[in-house]
Amino acid sequence: MPTIQVRSSAGHCRVDFAPGAISRLGSSLRRLNKPSGVYVLSSPRVWRYWGSALTGGIPGWRDNRKILFDDAEAAKRLETVEQIARELVRAGADRQSVIVAMGGGVVGDVAGFVAATYLRGVRLVHVPTTLVAQVDSSIGGKTGVNLPEGKNLIGAFYPPERVIADPDVLVTLPHREYRSGLYEVIKYGVIADRELFEYLIRKVPALLRREAKALAWIIPRCIEIKARIVAKDEREGGLRQSLNFGHTLGHALESMTNYRRFLHGEAVGCGMCFATLLALLSKKISLEHAAGIIFLIQSVGPIPKVPELNLEKLKKVIAGDKKSRGGSVRWVLPRRIGNVKWGIELPWKTVAKVARALPAMMAAENHGIFGIARRGP
């Protein structure tokens, strides 16, 4: 079983990646220091598929210790946190309890924030059941919920003690949600790993078929990249900002469409194309590398239509993003495949020009707006 250590100020988090790992949760929990109770936070849909497999290995499991909630992005709000916290009180959770977050990114973000704040902090274990959660959101300790003004504006850095990543759970994932996770995998190739990027160029068909061998190669590699970045910059003061590639515009798209049009990874895919065009227009990347990035994103499959963007509203939303400084937006732009630069300020006229072009660009077929058919850098 590949085991990856993620270092943080709170100690080391152990990430176990292996088929069937979800059914062995009990053995992982036994390594923790005598939990008084295990409480599973999940969604009704995920619980239906994987609840029995997960809880079958938990000693002394009681059904009243499961708390299910809506895992739609629109439900990621403070009201949901309060509801869960009150259910934990009624179920008898104390400071020696362990919260297990079983689900995708929304479940992980909400459950992580609950764990960080309930009784001022209880132990947390992630069992990610989506591709985006396995390669990204369950690693690194970010938790949070949304406000009407923007995404993840309330939260905490609160790393889990364990992450159990089981590729077997991906078989029940709807194909659109699975593809959504592949955009986050592409992100890692662009920001830090040209070898991963080139592997993806070759293996997109195998990954779209969810071939076990291809998944066993990309998932641990993405986890290792994020673990390395988080160890160097836990609180996002520098290097960790590179992980936001595609997220500034992506979060704005999610917010401006009321979290109903795009899945998170799809919005990030649009955001990566947007940032790549910004880099090209600003002469920070070559045409060849920009074409390769956009081609790979498009090759994963269709993304919902990008609406015409109200530029004044877009300007306000991205200025309120948690990554802005003093109202000034700091972009993450690719310099070449495997390397990005963060903290870049751009004139609004440049951003607006690309925003006007984005709907047509994202509607292009896989031969791409550059006229380069099926060719990487």
# chains A, B, ... in the order shown; residues from 1 in each chain; ligands from 1
call {"tool": "select_by_dssp", "arguments": {"residues": "region 128-264 of chain A", "states": "helix (DSSP H, G or I)", "output": "compact mmCIF listing (two decimals) with C-alpha atoms, in the first residue's frame"}}
result
# COMPACT_ATOMS: atom_id res chain seq x y z
CA LEU A 131 -11.15 11.90 -7.99
CA VAL A 132 -10.84 15.63 -7.21
CA ALA A 133 -10.97 14.89 -3.48
CA GLN A 134 -8.40 12.09 -3.70
CA VAL A 135 -5.84 14.11 -5.63
CA ASP A 136 -6.49 17.54 -4.17
CA SER A 137 -9.09 18.70 -1.67
CA PRO A 167 -9.47 4.02 -6.09
CA ASP A 168 -12.18 1.34 -6.02
CA VAL A 169 -14.77 3.90 -4.90
CA LEU A 170 -14.34 5.79 -8.18
CA VAL A 171 -16.29 3.10 -10.07
CA THR A 172 -19.60 4.43 -8.71
CA HIS A 175 -18.83 10.06 -15.43
CA ARG A 176 -19.21 13.82 -15.47
CA GLU A 177 -18.00 14.05 -11.87
CA TYR A 178 -15.11 11.73 -12.65
CA ARG A 179 -14.06 13.85 -15.65
CA SER A 180 -14.31 16.92 -13.45
CA GLY A 181 -11.53 15.49 -11.31
CA LEU A 182 -9.24 15.07 -14.29
CA TYR A 183 -8.99 18.84 -14.68
CA GLU A 184 -7.40 19.05 -11.23
CA VAL A 185 -4.96 16.31 -12.27
CA ILE A 186 -4.03 18.41 -15.33
CA LYS A 187 -3.42 21.33 -12.98
CA TYR A 188 -0.64 19.42 -11.24
CA GLY A 189 1.05 18.66 -14.53
CA VAL A 190 0.98 22.32 -15.57
CA ILE A 191 2.19 23.78 -12.28
CA ALA A 192 4.85 21.28 -11.24
CA ARG A 194 5.96 18.05 -17.03
CA GLU A 195 6.36 14.25 -16.94
CA LEU A 196 2.85 13.96 -15.50
CA PHE A 197 1.55 16.33 -18.18
CA GLU A 198 3.10 14.26 -20.96
CA TYR A 199 1.71 11.07 -19.40
CA LEU A 200 -1.75 12.64 -19.47
CA ILE A 201 -1.37 13.57 -23.14
CA ARG A 202 -0.76 9.88 -23.89
CA LYS A 203 -3.19 8.36 -21.42
CA VAL A 204 -6.37 10.46 -21.55
CA PRO A 205 -8.34 7.62 -23.24
CA ALA A 206 -7.19 5.11 -20.59
CA LEU A 207 -8.04 7.52 -17.80
CA LEU A 208 -11.47 8.22 -19.26
CA ALA A 212 -6.73 0.89 -12.76
CA LYS A 213 -3.11 1.02 -13.89
CA ALA A 214 -3.37 4.61 -15.10
CA LEU A 215 -5.17 5.72 -11.92
CA ALA A 216 -2.59 3.96 -9.76
CA TRP A 217 0.08 6.07 -11.47
CA ILE A 218 -1.55 9.51 -11.41
CA ILE A 219 -3.28 9.60 -8.00
CA PRO A 220 -0.22 9.00 -5.76
CA ARG A 221 1.84 11.31 -7.97
CA CYS A 222 -0.62 14.18 -7.51
CA ILE A 223 -0.77 13.53 -3.76
CA GLU A 224 3.03 13.61 -3.57
CA ILE A 225 3.16 16.94 -5.44
CA LYS A 226 0.63 18.53 -3.11
CA ALA A 227 2.32 17.06 -0.04
CA ARG A 228 5.63 18.56 -1.13
CA ILE A 229 4.08 21.99 -1.75
CA VAL A 230 2.11 22.02 1.51
CA ALA A 231 5.21 21.02 3.51
CA LYS A 232 7.04 24.05 2.15
CA LEU A 239 4.56 28.47 -3.24
CA ARG A 240 1.16 27.05 -2.25
CA GLN A 241 -0.48 29.83 -4.25
CA SER A 242 0.53 27.86 -7.35
CA LEU A 243 -2.22 25.37 -6.47
CA ASN A 244 -4.72 28.13 -7.25
CA HIS A 247 -9.22 28.81 -9.43
CA THR A 248 -9.61 32.60 -9.47
CA LEU A 249 -11.78 32.61 -12.58
CA GLY A 250 -13.11 29.12 -11.73
CA HIS A 251 -14.50 30.22 -8.38
CA ALA A 252 -16.00 33.33 -10.00
CA LEU A 253 -17.78 31.20 -12.60
CA GLU A 254 -19.21 28.95 -9.89
CA SER A 255 -20.42 31.90 -7.84
CA MET A 256 -21.84 33.87 -10.79
CA HIS A 264 -15.83 22.50 -9.47
call {"tool": "select_by_dssp", "arguments": {"residues": "region 85-196 of chain A", "states": "strand (DSSP E)", "output": "JSON, numbers by chain"}}
result
{"A": [98, 99, 100, 101, 102, 103, 123, 124, 125, 126, 127, 128, 142, 143, 144, 145, 146, 147, 150, 151, 152, 153, 154, 155, 156, 157, 162, 163, 164, 165]}
call {"tool": "write_last_selection", "arguments": {"atoms": "N, CA and C atoms", "output": "PDB file, in the first residue's frame"}}
result
ATOM      1  N   VAL A  98     -13.563  11.189  16.955  1.00  0.00           N
ATOM      2  CA  VAL A  98     -12.955  11.312  15.628  1.00  0.00           C
ATOM      3  C   VAL A  98     -14.078  11.503  14.612  1.00  0.00           C
ATOM      4  N   ILE A  99     -13.932  12.514  13.774  1.00  0.00           N
ATOM      5  CA  ILE A  99     -14.853  12.723  12.663  1.00  0.00           C
ATOM      6  C   ILE A  99     -14.244  12.124  11.411  1.00  0.00           C
ATOM      7  N   VAL A 100     -15.007  11.292  10.724  1.00  0.00           N
ATOM      8  CA  VAL A 100     -14.598  10.722   9.443  1.00  0.00           C
ATOM      9  C   VAL A 100     -15.424  11.387   8.354  1.00  0.00           C
ATOM     10  N   ALA A 101     -14.765  12.069   7.438  1.00  0.00           N
ATOM     11  CA  ALA A 101     -15.439  12.722   6.322  1.00  0.00           C
ATOM     12  C   ALA A 101     -15.374  11.797   5.118  1.00  0.00           C
ATOM     13  N   MET A 102     -16.514  11.213   4.736  1.00  0.00           N
ATOM     14  CA  MET A 102     -16.557  10.308   3.588  1.00  0.00           C
ATOM     15  C   MET A 102     -17.360  10.962   2.473  1.00  0.00           C
ATOM     16  N   GLY A 103     -16.681  11.363   1.410  1.00  0.00           N
ATOM     17  CA  GLY A 103     -17.367  11.993   0.303  1.00  0.00           C
ATOM     18  C   GLY A 103     -16.410  12.772  -0.564  1.00  0.00           C
ATOM     19  N   ARG A 123     -10.462  15.372  16.269  1.00  0.00           N
ATOM     20  CA  ARG A 123      -9.638  14.720  15.259  1.00  0.00           C
ATOM     21  C   ARG A 123     -10.441  14.416  13.992  1.00  0.00           C
ATOM     22  N   LEU A 124      -9.714  14.394  12.877  1.00  0.00           N
ATOM     23  CA  LEU A 124     -10.345  14.302  11.564  1.00  0.00           C
ATOM     24  C   LEU A 124      -9.645  13.262  10.697  1.00  0.00           C
ATOM     25  N   VAL A 125     -10.450  12.455  10.017  1.00  0.00           N
ATOM     26  CA  VAL A 125      -9.957  11.496   9.024  1.00  0.00           C
ATOM     27  C   VAL A 125     -10.753  11.705   7.744  1.00  0.00           C
ATOM     28  N   HIS A 126     -10.062  11.800   6.615  1.00  0.00           N
ATOM     29  CA  HIS A 126     -10.731  11.946   5.330  1.00  0.00           C
ATOM     30  C   HIS A 126     -10.775  10.602   4.594  1.00  0.00           C
ATOM     31  N   VAL A 127     -11.943  10.288   4.043  1.00  0.00           N
ATOM     32  CA  VAL A 127     -12.088   9.165   3.123  1.00  0.00           C
ATOM     33  C   VAL A 127     -12.674   9.735   1.831  1.00  0.00           C
ATOM     34  N   PRO A 128     -11.839  10.252   0.930  1.00  0.00           N
ATOM     35  CA  PRO A 128     -12.336  10.917  -0.274  1.00  0.00           C
ATOM     36  C   PRO A 128     -12.897   9.914  -1.283  1.00  0.00           C
ATOM     37  N   LYS A 142      -7.022  22.479   4.067  1.00  0.00           N
ATOM     38  CA  LYS A 142      -7.940  23.590   3.852  1.00  0.00           C
ATOM     39  C   LYS A 142      -9.380  23.140   4.092  1.00  0.00           C
ATOM     40  N   THR A 143     -10.125  23.919   4.845  1.00  0.00           N
ATOM     41  CA  THR A 143     -11.541  23.664   5.059  1.00  0.00           C
ATOM     42  C   THR A 143     -12.288  24.964   4.810  1.00  0.00           C
ATOM     43  N   GLY A 144     -13.598  24.887   4.570  1.00  0.00           N
ATOM     44  CA  GLY A 144     -14.306  26.145   4.399  1.00  0.00           C
ATOM     45  C   GLY A 144     -15.707  25.993   3.873  1.00  0.00           C
ATOM     46  N   VAL A 145     -16.457  27.081   4.022  1.00  0.00           N
ATOM     47  CA  VAL A 145     -17.814  27.167   3.480  1.00  0.00           C
ATOM     48  C   VAL A 145     -17.955  28.491   2.740  1.00  0.00           C
ATOM     49  N   ASN A 146     -19.028  28.595   1.974  1.00  0.00           N
ATOM     50  CA  ASN A 146     -19.232  29.749   1.104  1.00  0.00           C
ATOM     51  C   ASN A 146     -20.107  30.814   1.761  1.00  0.00           C
ATOM     52  N   LEU A 147     -19.952  32.032   1.297  1.00  0.00           N
ATOM     53  CA  LEU A 147     -20.858  33.128   1.583  1.00  0.00           C
ATOM     54  C   LEU A 147     -21.507  33.554   0.268  1.00  0.00           C
ATOM     55  N   GLY A 150     -19.006  35.021  -2.108  1.00  0.00           N
ATOM     56  CA  GLY A 150     -17.923  34.275  -2.740  1.00  0.00           C
ATOM     57  C   GLY A 150     -17.695  32.927  -2.103  1.00  0.00           C
ATOM     58  N   LYS A 151     -16.797  32.164  -2.720  1.00  0.00           N
ATOM     59  CA  LYS A 151     -16.560  30.777  -2.329  1.00  0.00           C
ATOM     60  C   LYS A 151     -15.463  30.677  -1.279  1.00  0.00           C
ATOM     61  N   ASN A 152     -15.690  29.817  -0.282  1.00  0.00           N
ATOM     62  CA  ASN A 152     -14.686  29.476   0.738  1.00  0.00           C
ATOM     63  C   ASN A 152     -14.172  30.700   1.496  1.00  0.00           C
ATOM     64  N   LEU A 153     -15.058  31.672   1.736  1.00  0.00           N
ATOM     65  CA  LEU A 153     -14.615  32.885   2.429  1.00  0.00           C
ATOM     66  C   LEU A 153     -14.556  32.716   3.941  1.00  0.00           C
ATOM     67  N   ILE A 154     -15.135  31.624   4.466  1.00  0.00           N
ATOM     68  CA  ILE A 154     -15.012  31.315   5.885  1.00  0.00           C
ATOM     69  C   ILE A 154     -14.429  29.906   5.996  1.00  0.00           C
ATOM     70  N   GLY A 155     -13.369  29.765   6.778  1.00  0.00           N
ATOM     71  CA  GLY A 155     -12.769  28.437   6.885  1.00  0.00           C
ATOM     72  C   GLY A 155     -11.588  28.438   7.830  1.00  0.00           C
ATOM     73  N   ALA A 156     -10.836  27.374   7.765  1.00  0.00           N
ATOM     74  CA  ALA A 156      -9.671  27.219   8.640  1.00  0.00           C
ATOM     75  C   ALA A 156      -8.682  26.267   7.984  1.00  0.00           C
ATOM     76  N   PHE A 157      -7.412  26.405   8.347  1.00  0.00           N
ATOM     77  CA  PHE A 157      -6.423  25.387   8.004  1.00  0.00           C
ATOM     78  C   PHE A 157      -6.472  24.338   9.112  1.00  0.00           C
ATOM     79  N   ARG A 162      -5.421  11.344   9.146  1.00  0.00           N
ATOM     80  CA  ARG A 162      -5.310  10.271   8.156  1.00  0.00           C
ATOM     81  C   ARG A 162      -6.138  10.638   6.933  1.00  0.00           C
ATOM     82  N   VAL A 163      -5.668  10.168   5.778  1.00  0.00           N
ATOM     83  CA  VAL A 163      -6.465  10.190   4.555  1.00  0.00           C
ATOM     84  C   VAL A 163      -6.435   8.786   3.976  1.00  0.00           C
ATOM     85  N   ILE A 164      -7.608   8.236   3.717  1.00  0.00           N
ATOM     86  CA  ILE A 164      -7.727   6.895   3.145  1.00  0.00           C
ATOM     87  C   ILE A 164      -8.252   7.048   1.721  1.00  0.00           C
ATOM     88  N   ALA A 165      -7.379   6.912   0.730  1.00  0.00           N
ATOM     89  CA  ALA A 165      -7.753   7.090  -0.673  1.00  0.00           C
ATOM     90  C   ALA A 165      -7.859   5.725  -1.352  1.00  0.00           C
TER      91      ALA A 165
END
call {"tool": "atom_distance", "arguments": {"atom1": "CA of Gly11 (chain A)", "atom2": "CA of Ile67 (chain A)"}}
result
27.3 Å
call {"tool": "atom_distance", "arguments": {"atom1": "CA of Asn33 (chain A)", "atom2": "CA of Pro19 (chain A)"}}
result
25.4 Å
call {"tool": "residues_around", "arguments": {"residues": "Ser9 (chain A)", "least_positions_apart": "6", "cutoff": "10 Å", "atoms": "only C-alpha atoms", "output": "ChimeraX atom specification"}}
result
/A:158-159,231,234-235
call {"tool": "write_last_selection", "arguments": {"atoms": "C-alpha atoms", "output": "mmCIF file, in the first residue's frame"}}
result
data_model
loop_
_atom_site.group_PDB
_atom_site.id
_atom_site.type_symbol
_atom_site.label_atom_id
_atom_site.label_comp_id
_atom_site.auth_asym_id
_atom_site.auth_seq_id
_atom_site.Cartn_x
_atom_site.Cartn_y
_atom_site.Cartn_z
ATOM 1 C CA TYR A 158 -7.055 22.100 9.801
ATOM 2 C CA PRO A 159 -5.161 19.060 8.532
ATOM 3 C CA ALA A 231 5.208 21.021 3.509
ATOM 4 C CA GLU A 234 1.341 25.364 4.697
ATOM 5 C CA ARG A 235 -0.453 28.716 5.001
#
call {"tool": "residues_around", "arguments": {"residues": "region 56-61 of chain A", "least_positions_apart": "3", "cutoff": "8 Å", "atoms": "only C-alpha atoms", "output": "compact mmCIF listing (two decimals) with N, CA and C atoms, in the first residue's frame"}}
result
# COMPACT_ATOMS: atom_id res chain seq x y z
N SER A 23 -12.52 -0.40 3.29
CA SER A 23 -13.04 -1.44 4.19
C SER A 23 -12.08 -1.74 5.34
N ARG A 24 -10.88 -1.16 5.28
CA ARG A 24 -9.89 -1.38 6.34
C ARG A 24 -9.72 -0.14 7.23
N LEU A 25 -10.76 0.71 7.24
CA LEU A 25 -10.67 1.92 8.03
C LEU A 25 -10.43 1.61 9.51
N GLY A 26 -11.05 0.53 10.00
CA GLY A 26 -10.90 0.19 11.41
C GLY A 26 -9.46 0.05 11.84
N SER A 27 -8.64 -0.58 10.99
CA SER A 27 -7.23 -0.76 11.36
C SER A 27 -6.50 0.58 11.39
N LEU A 29 -7.97 3.45 12.21
CA LEU A 29 -8.43 4.14 13.41
C LEU A 29 -7.76 3.61 14.66
N VAL A 38 -16.50 7.29 16.97
CA VAL A 38 -16.24 7.63 15.57
C VAL A 38 -17.55 8.10 14.96
N SER A 52 -21.82 0.83 4.25
CA SER A 52 -21.62 -0.48 4.88
C SER A 52 -20.17 -0.91 4.84
N ALA A 53 -19.51 -0.67 3.70
CA ALA A 53 -18.10 -1.05 3.58
C ALA A 53 -17.24 -0.29 4.57
N ARG A 65 -24.35 7.44 14.91
CA ARG A 65 -23.14 8.25 14.75
C ARG A 65 -22.86 8.61 13.29
call {"tool": "closest_residue", "arguments": {"among": "A:Leu54, A:Val107, A:Pro359, A:Arg62", "to": "Leu41 (chain A)", "atoms": "only C-alpha atoms"}}
result
A:Val107
call {"tool": "closest_residue", "arguments": {"among": "A:Phe245, A:Phe113, A:Tyr39, A:Trp342", "to": "Gly92 (chain A)", "atoms": "only C-alpha atoms"}}
result
A:Tyr39
call {"tool": "residues_around", "arguments": {"residues": "Val354 (chain A)", "least_positions_apart": "6", "cutoff": "9 Å", "atoms": "only C-alpha atoms", "output": "list in words"}}
result
Phe274, Ala275, Leu277, Leu278 and Leu281 of chain A
call {"tool": "residues_around", "arguments": {"residues": "region 343-348 of chain A", "least_positions_apart": "6", "cutoff": "8 Å", "atoms": "only C-alpha atoms", "output": "JSON, numbers by chain"}}
result
{"A": [241, 328, 329, 330, 331, 332, 333]}
